[in-house]
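Here's the structure we're looking at; comments come further down.
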Amino acid sequence: FYMIIVFQGTQEGKHGTAAAMVTAAAFQMARSNKKIAILSFCDNEKKNNIENFAFTSDDMPDIGNPLAELGDFEFTDAGIDALIRRSETGILTKEHFNNCSMPAVKAQNGLDIVGTTNAENFEDDMTLRFDVAKKVLTVAEELYDYIFVLADSQHAELTRKLDEVADKIVVVIRQGKADASFDFPDEIKNKISILAADYEAESSFGVRYLKNSYKAKKIFIMPHSVTYRDACTNGSLVRFALRNASLEETPGDINYKFSGAMKELLDHVCGKVEETDEQEAEEKEADELQPEVKPKKKRRRQMHEVPAESVKVETVAKKKKLFKKQETYDRIVIGEDKLENGEQVVDKDALPERRERGDYVLNESPIT
């Protein structure tokens, strides 16, 4: 099993696509424990630099050996450039992927990030030599369960070629008026999911408006989150995802809605996560260790038999009010206990055995 998922913006802009993709990939790794790779087929721009969203400057793994320097660029045997060179000059293997990618978690191939290119005109070059890009993706399919690919929709020709080989496509839009250039060939429309990033529920451009504007049955959202925005700035999106991936039962958390929205997106794009046999066994064992709780039996109220001679009925007259008819009511007296209008008045000293809880019975019928 493997899946290629292409993330892209629109012709109007990127709308935080790189950050959204890194976050989605980290959430998917945390919830599924699958092997995941992240790579970019975009030119080296700040908004496309996926590793800067995943790692702080202190956490950035030091991989690869310097090969040459040219102007402001240092070419190393790492990242997407190294994989492209390997596929051109020789056989590209799974070991090359391990050596050229930056692990974001301790688990081997749990979440590997392939560094962004340092080459100039990378997108133009990959458009002309797309067969090389396909070789890189083919080897990635042998090693990873999910391959998240960043594409620049403003470079339409390369993006369309990536869309053709993708299993799923996530188009990141801004919350607002629809992009007039939003258009896709019929053969890939069924692959597309639309994601509104930095979504504000109070905006007049809500989900219903976006559905109508983009003629979409479903619009997925990434709710606005201050901690998410800070993680984008700090380069700590992987940590952010790992901390917030399991908030489905924590409604009070500040990122509860964000976590739920990411789960909804990934359930649709990657499929719902099924429990493994090992997880089911652990849950069953935990249930068996729980002490059995027996339901409490209801205590039956004790019934006391009362001799008929101890029961009498008295007629009591209420105090007459001015211009009103005299009112009377019956009072039942059991020993020294009285029932006035159905409410019991107890004389505890006169009938000490009555202190026990119960109903009195006369001739096998309860007195009411």
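Labels used: A, B, ... for chains in the order of the structure tokens, numbers from 1 for residues in each chain, and numbers from 1 for ligands as shown.
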
Handout entry: All residues 12 Å or closer to Gly16 in chain A, only C-alpha atoms, same chain fewer than 3 positions away omitted, as a PyMOL selection string
Key = chain A and resi 7-10+13+19-23+46-50+53+150+152+171-175+195-199+222+228-229+232-233

Practice task
Would you list the contacts of range 85-89 of chain A as a list of chain:residue names, taking every protein, DNA or RNA residue within 10 Å and counting only C-alpha atoms, but skipping same-chain residues closer than 6 positions in sequence?
Solution key: A:Asp77, A:His96, A:Asp131, A:Val132, A:Ala133, A:Lys134, A:Lys135, A:Val136, A:Val139

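Between CA of Cys42 in chain A and CA of Ala151 in chain A the separation is 5.9 Å.
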
Problem - Using only C-alpha atoms: which of A:Ala26, A:Glu141, A:Ala104, A:Ala261 has the shortest distance to Leu242 in chain A - result: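 The shortest atom-to-atom distance to Leu242 in chain A comes from A:Ala26.
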
Exercise for the section: Compile the contact shell of range 109-122 of chain A as a VMD selection string: residues with an atom at most 8 Å away, counting only C-alpha atoms, same-chain residues fewer than 6 positions apart removed. Expected result: chain A and resid 25 to 26 29 33 to 44 48 to 51 73 to 75 78 to 81 98 100 to 103 143 to 144

Exercise for the section: Do a neighbour search on Lys257 in chain A at 12 Å with only C-alpha atoms, toss out local chain neighbours closer than 2 positions, and write the hits as a list in words. Expected result: Tyr199, Glu200, Ala201, Ile221, Met222, Pro223, His224, Ser225, Asn244, Ala245, Ser246, Leu247, Glu248, Glu249, Thr250, Pro251, Gly252, Asp253, Ile254, Asn255, Ser259, Gly260, Ala261, Met262, Lys263 and Glu264 of chain A
